[in-house]
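Visitor: Input file: entry_9.cif. Contents: mmCIF, C-alpha atoms.
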```cif
data_data
loop_
_atom_site.label_atom_id
_atom_site.label_comp_id
_atom_site.auth_asym_id
_atom_site.auth_seq_id
_atom_site.Cartn_x
_atom_site.Cartn_y
_atom_site.Cartn_z
CA MET A 1 258.38 -20.36 -10.92
CA HIS A 2 255.33 -22.52 -10.23
CA THR A 3 252.19 -20.40 -9.84
CA GLY A 4 249.71 -23.07 -8.80
CA TYR A 5 248.04 -22.98 -12.23
CA HIS A 6 248.50 -25.25 -15.21
CA ALA A 7 251.52 -24.46 -17.37
CA ARG A 8 249.35 -24.45 -20.49
CA ILE A 9 246.76 -21.79 -19.63
CA GLY A 10 248.32 -19.53 -22.25
CA LYS A 11 246.65 -16.18 -22.83
CA ALA A 12 244.12 -16.81 -20.07
CA ALA A 13 246.91 -15.95 -17.63
CA ALA A 14 246.42 -12.30 -18.59
CA ILE A 15 242.92 -12.26 -17.03
CA PRO A 16 243.59 -10.85 -13.54
CA ILE A 17 242.59 -12.65 -10.34
CA ASN A 18 243.22 -12.14 -6.65
CA PRO A 19 245.77 -14.24 -4.73
CA SER A 20 244.65 -17.81 -4.09
CA SER A 21 244.50 -19.61 -0.76
CA PRO A 22 244.34 -23.30 0.17
CA VAL A 23 240.84 -24.76 0.25
CA LEU A 24 238.96 -27.20 2.45
CA SER A 25 236.35 -29.50 0.90
CA PHE A 26 233.90 -31.40 3.09
CA SER A 27 231.36 -34.00 1.97
CA PRO A 28 228.80 -35.21 2.37
CA VAL A 29 226.84 -32.72 4.40
CA VAL A 30 223.46 -34.41 4.80
CA LEU A 31 220.31 -32.32 5.16
CA PRO A 32 217.09 -34.14 6.11
CA ALA A 33 214.60 -33.69 3.28
CA PRO A 34 211.06 -34.91 4.04
CA GLY A 35 209.18 -35.62 0.83
CA ARG A 36 212.37 -36.00 -1.22
CA PRO A 37 213.24 -39.54 -2.42
CA VAL A 38 216.50 -39.38 -0.39
CA ASP A 39 218.06 -36.89 2.00
CA LEU A 40 219.94 -34.01 0.38
CA GLU A 41 223.71 -34.49 0.27
CA LEU A 42 226.10 -31.73 -0.67
CA ARG A 43 229.77 -30.85 -0.86
CA VAL A 44 230.97 -27.67 0.81
CA THR A 45 234.27 -26.16 -0.38
CA VAL A 46 235.67 -23.04 1.25
CA PRO A 47 238.91 -21.10 1.62
CA SER A 48 240.90 -22.37 4.59
CA THR A 49 240.88 -18.87 6.10
CA GLY A 50 238.70 -15.80 5.98
CA ASP A 51 235.22 -14.76 7.08
CA ALA A 52 232.14 -13.23 5.45
CA LEU A 53 232.49 -15.70 2.57
CA PRO A 54 230.12 -15.07 -0.36
CA ILE A 55 228.19 -18.17 -1.42
CA ILE A 56 227.93 -19.90 -4.79
CA LEU A 57 225.30 -22.62 -5.17
CA LEU A 58 226.59 -24.96 -7.90
CA SER A 59 224.18 -27.14 -9.89
CA HIS A 60 225.64 -30.09 -11.79
CA GLY A 61 224.54 -31.15 -15.25
CA HIS A 62 223.12 -34.44 -16.49
CA GLY A 63 226.08 -35.70 -18.47
CA ARG A 64 226.71 -39.30 -19.41
CA SER A 65 229.38 -39.88 -16.77
CA ASN A 66 228.71 -42.15 -13.80
CA SER A 67 229.77 -39.73 -11.07
CA LEU A 68 230.53 -36.22 -12.34
CA SER A 69 226.84 -35.30 -12.33
CA SER A 70 226.81 -35.19 -8.53
CA LEU A 71 228.67 -33.58 -5.66
CA GLU A 72 231.71 -35.47 -6.95
CA GLY A 73 231.93 -33.38 -10.13
CA TYR A 74 233.01 -29.91 -11.20
CA ALA A 75 236.24 -29.79 -9.19
CA PRO A 76 237.80 -27.36 -11.72
CA LEU A 77 235.12 -24.84 -10.79
CA TYR A 78 234.57 -25.36 -7.07
CA GLU A 79 238.29 -25.58 -6.29
CA PHE A 80 239.06 -22.40 -8.21
CA TRP A 81 236.16 -20.37 -6.87
CA ALA A 82 236.92 -21.42 -3.29
CA ALA A 83 240.63 -20.71 -3.68
CA HIS A 84 239.69 -17.17 -4.65
CA GLY A 85 237.30 -16.42 -1.83
CA PHE A 86 233.93 -18.10 -2.33
CA ALA A 87 232.10 -20.76 -0.36
CA VAL A 88 230.79 -23.28 -2.90
CA LEU A 89 227.82 -25.47 -1.97
CA GLN A 90 226.92 -28.19 -4.46
CA PRO A 91 224.22 -30.82 -4.01
CA THR A 92 223.70 -34.19 -5.60
CA HIS A 93 220.37 -33.61 -7.34
CA PRO A 94 217.83 -36.48 -7.56
CA SER A 95 218.52 -36.69 -11.31
CA SER A 96 222.10 -37.82 -10.71
CA ALA A 97 223.16 -41.15 -12.19
CA PHE A 98 224.91 -41.66 -8.87
CA LEU A 99 221.50 -42.14 -7.21
CA GLY A 100 219.79 -44.07 -10.00
CA LEU A 101 216.33 -42.73 -9.20
CA GLY A 102 213.42 -42.78 -11.61
CA ALA A 103 211.58 -39.49 -11.95
CA PRO A 104 207.77 -39.41 -11.92
CA GLU A 105 205.96 -38.44 -15.11
CA GLY A 106 205.80 -34.69 -15.39
CA GLN A 107 208.95 -34.37 -13.33
CA GLU A 108 211.40 -35.81 -15.86
CA LEU A 109 215.01 -35.32 -14.75
CA PHE A 110 213.54 -34.07 -11.45
CA TRP A 111 213.64 -30.62 -13.03
CA GLN A 112 211.57 -28.92 -10.33
CA ALA A 113 213.30 -30.75 -7.48
CA ARG A 114 216.68 -29.49 -8.66
CA ALA A 115 215.61 -25.89 -8.05
CA GLU A 116 213.99 -26.89 -4.76
CA ASP A 117 217.32 -28.37 -3.63
CA MET A 118 218.95 -24.95 -3.82
CA VAL A 119 216.15 -23.31 -1.86
CA ARG A 120 216.43 -26.04 0.77
CA ILE A 121 220.16 -25.36 1.13
CA LEU A 122 219.53 -21.64 1.65
CA ASP A 123 216.84 -22.48 4.20
CA ASN A 124 219.31 -24.64 6.12
CA LEU A 125 222.55 -22.66 6.16
CA ASP A 126 222.70 -22.95 9.96
CA ALA A 127 222.83 -26.73 9.60
CA VAL A 128 225.43 -26.50 6.83
CA GLU A 129 227.68 -24.30 8.97
CA ALA A 130 227.26 -26.61 11.97
CA ALA A 131 228.16 -29.70 9.94
CA VAL A 132 231.43 -28.42 8.49
CA PRO A 133 234.31 -28.08 10.97
CA GLY A 134 235.53 -24.50 11.19
CA LEU A 135 232.74 -23.01 9.07
CA LYS A 136 230.38 -21.68 11.74
CA GLY A 137 229.81 -17.95 11.35
CA ARG A 138 231.91 -17.64 8.18
CA LEU A 139 229.19 -17.43 5.49
CA ASP A 140 227.90 -14.11 4.19
CA ARG A 141 224.22 -14.82 3.66
CA THR A 142 223.62 -11.47 1.99
CA ARG A 143 225.86 -12.37 -0.95
CA VAL A 144 224.51 -15.46 -2.68
CA ALA A 145 224.99 -16.49 -6.32
CA VAL A 146 224.01 -19.56 -8.30
CA ALA A 147 225.87 -21.27 -11.15
CA GLY A 148 225.07 -24.35 -13.18
CA HIS A 149 226.12 -26.28 -16.26
CA SER A 150 223.84 -27.75 -18.94
CA LEU A 151 220.74 -29.06 -17.13
CA GLY A 152 222.18 -27.29 -14.08
CA ALA A 153 222.15 -24.11 -16.13
CA TRP A 154 218.38 -24.50 -16.52
CA THR A 155 218.14 -24.97 -12.76
CA THR A 156 220.12 -21.75 -12.45
CA SER A 157 217.89 -19.92 -14.92
CA MET A 158 214.74 -20.91 -13.02
CA LEU A 159 216.17 -19.61 -9.76
CA LEU A 160 217.05 -16.36 -11.54
CA GLY A 161 213.48 -15.92 -12.76
CA ALA A 162 212.95 -18.02 -15.89
CA SER A 163 209.60 -19.80 -16.06
CA ASN A 164 208.62 -23.10 -17.61
CA THR A 165 205.28 -23.95 -19.21
CA ASP A 166 204.91 -27.67 -19.81
CA PRO A 167 203.74 -28.02 -23.43
CA ARG A 168 201.80 -31.15 -22.53
CA ASP A 169 199.38 -29.67 -20.02
CA GLY A 170 200.07 -25.94 -19.90
CA SER A 171 201.14 -25.95 -16.26
CA THR A 172 203.60 -23.17 -15.43
CA TRP A 173 206.50 -23.12 -12.97
CA TYR A 174 207.76 -19.72 -11.89
CA LYS A 175 209.61 -19.56 -8.60
CA PRO A 176 212.50 -17.07 -8.63
CA GLU A 177 214.62 -17.11 -5.47
CA PRO A 178 215.04 -13.54 -4.15
CA ARG A 179 217.99 -14.42 -1.91
CA ILE A 180 220.07 -15.09 -5.03
CA LYS A 181 221.67 -11.88 -6.28
CA ALA A 182 223.44 -13.08 -9.45
CA GLY A 183 224.05 -16.17 -11.54
CA VAL A 184 226.25 -17.88 -14.11
CA VAL A 185 224.54 -19.92 -16.84
CA LEU A 186 227.07 -22.34 -18.37
CA ALA A 187 226.16 -24.00 -21.71
CA GLY A 188 222.51 -23.52 -20.84
CA ILE A 189 219.27 -24.61 -22.43
CA GLY A 190 217.80 -22.11 -24.90
CA ASN A 191 214.34 -21.32 -26.19
CA GLY A 192 211.73 -24.06 -26.28
CA GLY A 193 208.82 -24.63 -28.64
CA ALA A 194 209.73 -24.83 -32.30
CA ASP A 195 213.45 -24.62 -31.49
CA ILE A 196 213.45 -28.06 -29.83
CA SER A 197 214.42 -30.99 -32.04
CA ALA A 198 212.44 -34.23 -32.24
CA SER A 199 214.91 -36.00 -29.99
CA GLY A 200 214.85 -33.01 -27.64
CA LYS A 201 211.11 -33.36 -27.24
CA ASN A 202 211.71 -36.90 -26.03
CA LEU A 203 214.62 -35.99 -23.75
CA ILE A 204 213.02 -32.92 -22.13
CA PRO A 205 209.29 -33.29 -22.82
CA PHE A 206 208.46 -30.91 -19.97
CA TYR A 207 210.42 -28.04 -21.47
CA GLY A 208 208.84 -24.75 -22.46
CA GLY A 209 211.32 -22.26 -21.08
CA ASP A 210 210.55 -18.54 -21.01
CA PHE A 211 213.37 -16.14 -20.11
CA SER A 212 211.38 -12.90 -20.33
CA LYS A 213 211.06 -12.55 -16.54
CA MET A 214 214.64 -13.64 -15.77
CA THR A 215 215.71 -10.20 -14.55
CA THR A 216 218.32 -11.16 -11.93
CA PRO A 217 221.83 -10.26 -13.19
CA ALA A 218 223.52 -13.17 -14.94
CA LEU A 219 226.52 -14.10 -17.03
CA VAL A 220 225.70 -16.51 -19.83
CA VAL A 221 228.65 -18.59 -21.08
CA TYR A 222 228.65 -20.86 -24.11
CA GLY A 223 231.02 -22.33 -26.67
CA ASP A 224 230.72 -21.27 -30.29
CA GLU A 225 231.09 -24.92 -31.37
CA ASP A 226 228.48 -26.30 -28.96
CA ALA A 227 225.87 -27.46 -31.44
CA GLY A 228 223.38 -29.86 -29.84
CA PRO A 229 221.04 -31.53 -32.36
CA HIS A 230 219.91 -33.95 -29.65
CA LEU A 231 218.09 -30.95 -28.11
CA THR A 232 217.67 -28.21 -30.69
CA ILE A 233 217.37 -27.59 -34.41
CA ARG A 234 219.49 -24.44 -34.01
CA ASP A 235 223.23 -23.93 -33.92
CA ALA A 236 225.38 -23.09 -30.90
CA ASP A 237 223.80 -19.65 -30.52
CA TRP A 238 220.75 -21.41 -29.00
CA HIS A 239 222.76 -21.42 -25.77
CA ALA A 240 222.81 -17.60 -25.85
CA ASP A 241 219.02 -17.38 -25.41
CA PRO A 242 219.18 -16.88 -21.62
CA TYR A 243 221.08 -13.71 -22.53
CA THR A 244 219.25 -12.51 -25.62
CA LEU A 245 215.70 -13.29 -24.43
CA ALA A 246 216.05 -12.24 -20.79
CA GLY A 247 215.47 -8.82 -19.32
CA GLY A 248 217.59 -6.85 -16.90
CA GLN A 249 221.37 -6.65 -16.72
CA LYS A 250 222.93 -9.56 -18.59
CA ASP A 251 226.43 -10.37 -19.82
CA LEU A 252 227.56 -12.92 -22.38
CA PHE A 253 230.91 -14.69 -22.74
CA ILE A 254 231.28 -16.64 -25.98
CA VAL A 255 234.19 -19.06 -25.70
CA LYS A 256 235.99 -19.55 -29.00
CA GLY A 257 236.39 -23.16 -30.09
CA ALA A 258 234.54 -24.49 -27.06
CA LYS A 259 232.03 -27.31 -27.09
CA HIS A 260 229.63 -28.31 -24.31
CA GLY A 261 232.40 -29.00 -21.79
CA LEU A 262 233.77 -25.44 -21.98
CA GLY A 263 237.34 -26.72 -21.88
CA GLY A 264 236.80 -29.18 -19.05
CA ILE A 265 234.66 -27.68 -16.27
CA SER A 266 232.93 -30.91 -15.22
CA GLY A 267 236.06 -32.70 -14.03
CA TRP A 268 239.80 -33.05 -14.40
CA ASP A 269 240.70 -35.04 -17.54
CA ALA A 270 237.07 -36.12 -17.93
CA GLY A 271 236.22 -38.41 -20.83
CA GLU A 272 232.99 -36.53 -21.52
CA THR A 273 234.94 -33.34 -22.31
CA LEU A 274 235.24 -33.09 -26.09
CA ASP A 275 237.17 -29.81 -26.09
CA GLU A 276 239.68 -30.20 -23.27
CA SER A 277 241.92 -27.16 -23.03
CA PRO A 278 243.70 -25.79 -19.95
CA GLU A 279 243.63 -22.33 -21.56
CA ARG A 280 239.91 -22.43 -22.29
CA LEU A 281 239.12 -23.82 -18.84
CA ALA A 282 241.24 -21.14 -17.15
CA ALA A 283 239.43 -18.44 -19.06
CA VAL A 284 236.05 -19.75 -17.92
CA GLN A 285 237.28 -20.04 -14.33
CA ARG A 286 238.62 -16.50 -14.27
CA MET A 287 235.81 -14.79 -16.14
CA THR A 288 233.08 -16.40 -14.00
CA TRP A 289 234.97 -15.56 -10.79
CA ALA A 290 235.43 -11.95 -11.87
CA TYR A 291 231.79 -11.58 -12.85
CA LEU A 292 230.43 -12.90 -9.56
CA LYS A 293 232.86 -10.89 -7.47
CA SER A 294 231.81 -7.67 -9.18
CA GLN A 295 228.11 -8.51 -8.99
CA LEU A 296 228.21 -9.26 -5.26
CA TYR A 297 230.43 -6.33 -4.24
CA ASP A 298 229.44 -2.81 -5.24
CA GLY A 299 232.28 -0.95 -6.90
CA ASP A 300 234.40 -4.05 -7.52
CA LYS A 301 236.33 -3.73 -10.80
CA SER A 302 237.22 -7.40 -11.37
CA TRP A 303 234.73 -7.91 -14.19
CA LEU A 304 235.68 -4.69 -15.96
CA GLU A 305 239.35 -5.64 -15.77
CA ALA A 306 238.67 -9.20 -16.95
CA CYS A 307 236.71 -7.97 -19.97
CA LYS A 308 239.58 -5.67 -20.94
CA ALA A 309 242.12 -8.46 -20.54
CA VAL A 310 240.44 -11.39 -22.30
CA ASP A 311 242.09 -12.07 -25.64
CA ALA A 312 239.96 -12.26 -28.79
CA GLU A 313 241.49 -15.67 -29.54
CA ILE A 314 239.90 -16.97 -26.32
CA GLY A 315 236.48 -15.39 -26.61
CA ARG A 316 234.45 -12.23 -26.57
CA VAL A 317 232.07 -10.48 -24.20
CA GLU A 318 228.79 -8.68 -24.78
CA SER A 319 226.50 -6.95 -22.30
CA LYS A 320 223.05 -5.37 -22.15
CA SER A 321 220.94 -3.65 -19.54
CA SER A 322 217.40 -4.44 -20.66
#
```
Would you mind writing the structure in this file as structure tokens?

Guide:
Amino acid sequence: MHTGYHARIGKAAAIPINPSSPVLSFSPVVLPAPGRPVDLELRVTVPSTGDALPIILLSHGHGRSNSLSSLEGYAPLYEFWAAHGFAVLQPTHPSSAFLGLGAPEGQELFWQARAEDMVRILDNLDAVEAAVPGLKGRLDRTRVAVAGHSLGAWTTSMLLGASNTDPRDGSTWYKPEPRIKAGVVLAGIGNGGADISASGKNLIPFYGGDFSKMTTPALVVYGDEDAGPHLTIRDADWHADPYTLAGGQKDLFIVKGAKHGLGGISGWDAGETLDESPERLAAVQRMTWAYLKSQLYDGDKSWLEACKAVDAEIGRVESKSS
């Protein structure tokens, strides 16, 4: 019998989830943004029914695709999360190839503006609700999470409390967002300084990340085959740094055999995914959903049950409280 999920998700099917519902996706929602190069556009994806919807802010990466690094990408995540009860709000950041904007010196990849986009969305939830038919009054503003992939994972880390000291001039950025209660860091950027490769210093010259004050609860997800010499001199475990170097309650999901695409999270059948796997993708979908559900709802057992169910051939989980 057809379950609504890919026939090849394999052992990931054992990771429990709640019943799914049809979703509604609406874009673009346009928020006026004085001082930004262009107005802020976002996609809003929600379950077709239900109220008091918890919110996930989703930050896209900076991949080489023409469109996935925008509100047009990450359908495998936003569709799944929405089908299982979340409202997913995802902007097109100024760094998107879709916009073709050049970032000022010191703001390469619009790294600060990406975090500011998420704050702007939270500041304008009334306008978001008003713009989407049938959404008014359905968002639970007390339950907000953030998730991001690659460069979007750094955006996520900053909102969770990571700071950045630009190695060129010593200026520090530290602006945690207190309305965000939990996060998911997907294939994130690790420690800076001596761990950055020569090409990395050219690609992200602003980067001097410090995770020591990133105390908001977070799940860090990375693939054990995600080596990135274009950014770091270290192996795949560099992506675990937002877990190992951060304080507070943190969890880690290491996806076996995964590369930077984590099985295909950035888009269906996307050419930039070097490790496409319905099973791997399903595991990431289910584990991230379970983590956020348990973080946002006291007493929820979804994460505990997911950790017990995940097969060692798919990946393994670690956790720490300080």

Visitor: Can you sort out the box for segment 178-183 of chain A, edges along x, y and z, all listed atoms in, 4 Å on every side, with centre and edge lengths in Å to one decimal, as lines of an AutoDock Vina configuration file?

Guide:
```
center_x = 219.5
center_y = -14.0
center_z = -6.7
size_x = 17.0
size_y = 12.3
size_z = 17.6
```

Visitor: Take the point (226.7, -15.9, -8.7) as written in the file and pick out every residue within 9 Å of it, counting all atoms listed in the file; give the list as a PDB file with C-alpha atoms, in the frame of the given file.

Guide:
```
ATOM      1  CA  ILE A  55     228.190 -18.170  -1.420  1.00  0.00           C
ATOM      2  CA  ILE A  56     227.930 -19.900  -4.790  1.00  0.00           C
ATOM      3  CA  LEU A  57     225.300 -22.620  -5.170  1.00  0.00           C
ATOM      4  CA  ARG A 143     225.860 -12.370  -0.950  1.00  0.00           C
ATOM      5  CA  VAL A 144     224.510 -15.460  -2.680  1.00  0.00           C
ATOM      6  CA  ALA A 145     224.990 -16.490  -6.320  1.00  0.00           C
ATOM      7  CA  VAL A 146     224.010 -19.560  -8.300  1.00  0.00           C
ATOM      8  CA  ALA A 147     225.870 -21.270 -11.150  1.00  0.00           C
ATOM      9  CA  ILE A 180     220.070 -15.090  -5.030  1.00  0.00           C
ATOM     10  CA  LYS A 181     221.670 -11.880  -6.280  1.00  0.00           C
ATOM     11  CA  ALA A 182     223.440 -13.080  -9.450  1.00  0.00           C
ATOM     12  CA  GLY A 183     224.050 -16.170 -11.540  1.00  0.00           C
ATOM     13  CA  VAL A 184     226.250 -17.880 -14.110  1.00  0.00           C
ATOM     14  CA  PRO A 217     221.830 -10.260 -13.190  1.00  0.00           C
ATOM     15  CA  ALA A 218     223.520 -13.170 -14.940  1.00  0.00           C
ATOM     16  CA  LEU A 219     226.520 -14.100 -17.030  1.00  0.00           C
ATOM     17  CA  THR A 288     233.080 -16.400 -14.000  1.00  0.00           C
ATOM     18  CA  TRP A 289     234.970 -15.560 -10.790  1.00  0.00           C
ATOM     19  CA  TYR A 291     231.790 -11.580 -12.850  1.00  0.00           C
ATOM     20  CA  LEU A 292     230.430 -12.900  -9.560  1.00  0.00           C
ATOM     21  CA  LYS A 293     232.860 -10.890  -7.470  1.00  0.00           C
ATOM     22  CA  GLN A 295     228.110  -8.510  -8.990  1.00  0.00           C
ATOM     23  CA  LEU A 296     228.210  -9.260  -5.260  1.00  0.00           C
TER      24      LEU A 296
END
```

Visitor: Under the PyMOL selection byres ((chain A and resi 115-120) around 10), which residues of this model are included? Write them out as a PyMOL selection string.

Guide: chain A and resi 31-33+36+40-42+57-59+89-94+110-114+121-125+146+152+154-159+175-177+179-180

Visitor: Residues picked by the PyMOL selection byres ((chain A and resi 163) around 10) here, as JSON, numbers by chain?

Guide: {"A": [154, 157, 158, 159, 160, 161, 162, 164, 165, 166, 172, 173, 174, 175, 176, 207, 208, 209, 210, 211, 212, 213, 214]}

Visitor: Convert the current residue selection to file output with C-alpha atoms, as a PDB file, keeping the file's coordinate frame.

Guide:
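After the write, result_24.pdb holds the following:
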```
ATOM      1  CA  TRP A 154     218.380 -24.500 -16.520  1.00  0.00           C
ATOM      2  CA  SER A 157     217.890 -19.920 -14.920  1.00  0.00           C
ATOM      3  CA  MET A 158     214.740 -20.910 -13.020  1.00  0.00           C
ATOM      4  CA  LEU A 159     216.170 -19.610  -9.760  1.00  0.00           C
ATOM      5  CA  LEU A 160     217.050 -16.360 -11.540  1.00  0.00           C
ATOM      6  CA  GLY A 161     213.480 -15.920 -12.760  1.00  0.00           C
ATOM      7  CA  ALA A 162     212.950 -18.020 -15.890  1.00  0.00           C
ATOM      8  CA  ASN A 164     208.620 -23.100 -17.610  1.00  0.00           C
ATOM      9  CA  THR A 165     205.280 -23.950 -19.210  1.00  0.00           C
ATOM     10  CA  ASP A 166     204.910 -27.670 -19.810  1.00  0.00           C
ATOM     11  CA  THR A 172     203.600 -23.170 -15.430  1.00  0.00           C
ATOM     12  CA  TRP A 173     206.500 -23.120 -12.970  1.00  0.00           C
ATOM     13  CA  TYR A 174     207.760 -19.720 -11.890  1.00  0.00           C
ATOM     14  CA  LYS A 175     209.610 -19.560  -8.600  1.00  0.00           C
ATOM     15  CA  PRO A 176     212.500 -17.070  -8.630  1.00  0.00           C
ATOM     16  CA  TYR A 207     210.420 -28.040 -21.470  1.00  0.00           C
ATOM     17  CA  GLY A 208     208.840 -24.750 -22.460  1.00  0.00           C
ATOM     18  CA  GLY A 209     211.320 -22.260 -21.080  1.00  0.00           C
ATOM     19  CA  ASP A 210     210.550 -18.540 -21.010  1.00  0.00           C
ATOM     20  CA  PHE A 211     213.370 -16.140 -20.110  1.00  0.00           C
ATOM     21  CA  SER A 212     211.380 -12.900 -20.330  1.00  0.00           C
ATOM     22  CA  LYS A 213     211.060 -12.550 -16.540  1.00  0.00           C
ATOM     23  CA  MET A 214     214.640 -13.640 -15.770  1.00  0.00           C
TER      24      MET A 214
END
```

Visitor: At what distance in Å, to one decimal, does atom CA of Ala12 of chain A lie from atom CA of Ala82 of chain A?

Guide: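 Between atom CA of Ala82 of chain A and atom CA of Ala12 of chain A the gap works out to 18.8 Å.
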
Visitor: Starting from the point (230.0, -28.1, 8.0), work out which residues of protein, DNA or RNA have an atom no more than 12 Å away when counting all atoms listed in the file; state them as a PyMOL selection string.

Guide: chain A and resi 24-31+41-46+87-89+124-139

Visitor: What is the distance, in Å and to one decimal place, between atom CA of Thr244 of chain A and atom CA of Asp195 of chain A?

Guide: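 Atom-to-atom, atom CA of Thr244 of chain A to atom CA of Asp195 of chain A, that is 14.7 Å.
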
Visitor: List the residues selected by the PyMOL selection byres ((chain A and resi 251) around 6) in the file shown, writing them as number ranges by chain.

Guide: A: 219, 250, 252, 318-319

Visitor: Just the selected residues (C-alpha atoms), exported as a PDB file, in the coordinates of the input, please.

Guide:
```pdb
ATOM      1  CA  LEU A 219     226.520 -14.100 -17.030  1.00  0.00           C
ATOM      2  CA  LYS A 250     222.930  -9.560 -18.590  1.00  0.00           C
ATOM      3  CA  LEU A 252     227.560 -12.920 -22.380  1.00  0.00           C
ATOM      4  CA  GLU A 318     228.790  -8.680 -24.780  1.00  0.00           C
ATOM      5  CA  SER A 319     226.500  -6.950 -22.300  1.00  0.00           C
TER       6      SER A 319
END
```

Visitor: Give me, please, the distance in Å between atom CA of Leu109 of chain A and atom CA of Ser150 of chain A, quoted to one decimal.

Guide: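 Interatomic distance here is 12.4 Å.
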
Visitor: Kindly indicate which residue among A:Asn191, A:Ser321, A:Ser69, A:Ser21 lies nearest to His239 of chain A, using all atoms listed in the file for the distances.

Guide: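 The shortest atom-to-atom distance to His239 of chain A comes from A:Asn191.
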
Visitor: Could you check which of A:Asp269, A:Glu225, A:Glu279, A:Asp169 is closest to Ile314 of chain A, using all atoms listed in the file?

Guide: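 Using all atoms listed in the file, the shortest distance to Ile314 of chain A belongs to A:Glu279.
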
Visitor: Export segment 190-195 of chain A, all heavy atoms, as a short mmCIF file (atom, residue, chain, number, x, y, z; two decimals), in the first residue's frame; it's the structure right above.

Guide:
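Everything below was put into decode.cif:
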```
data_model
loop_
_atom_site.label_atom_id
_atom_site.label_comp_id
_atom_site.auth_asym_id
_atom_site.auth_seq_id
_atom_site.Cartn_x
_atom_site.Cartn_y
_atom_site.Cartn_z
N GLY A 190 32.54 24.94 10.36
CA GLY A 190 33.20 24.65 11.62
C GLY A 190 34.09 25.77 12.09
O GLY A 190 33.90 26.95 11.74
N ASN A 191 35.08 25.42 12.87
CA ASN A 191 35.98 26.39 13.48
C ASN A 191 36.75 27.18 12.42
O ASN A 191 37.08 26.66 11.36
CB ASN A 191 36.97 25.66 14.40
CG ASN A 191 37.77 26.59 15.26
OD1 ASN A 191 37.23 27.50 15.88
ND2 ASN A 191 39.08 26.38 15.30
N GLY A 192 37.05 28.43 12.75
CA GLY A 192 37.80 29.28 11.82
C GLY A 192 39.29 29.22 12.11
O GLY A 192 39.83 28.21 12.53
N GLY A 193 39.96 30.35 11.86
CA GLY A 193 41.38 30.46 12.16
C GLY A 193 42.23 29.50 11.37
O GLY A 193 42.12 29.38 10.14
N ALA A 194 43.06 28.75 12.08
CA ALA A 194 44.02 27.85 11.42
C ALA A 194 43.35 26.68 10.72
O ALA A 194 44.00 25.99 9.93
CB ALA A 194 45.02 27.33 12.46
N ASP A 195 42.06 26.44 11.01
CA ASP A 195 41.37 25.32 10.37
C ASP A 195 40.86 25.66 8.96
O ASP A 195 40.40 24.77 8.24
CB ASP A 195 40.18 24.88 11.22
CG ASP A 195 40.63 24.18 12.50
OD1 ASP A 195 41.80 23.73 12.55
OD2 ASP A 195 39.82 24.07 13.43
#
```
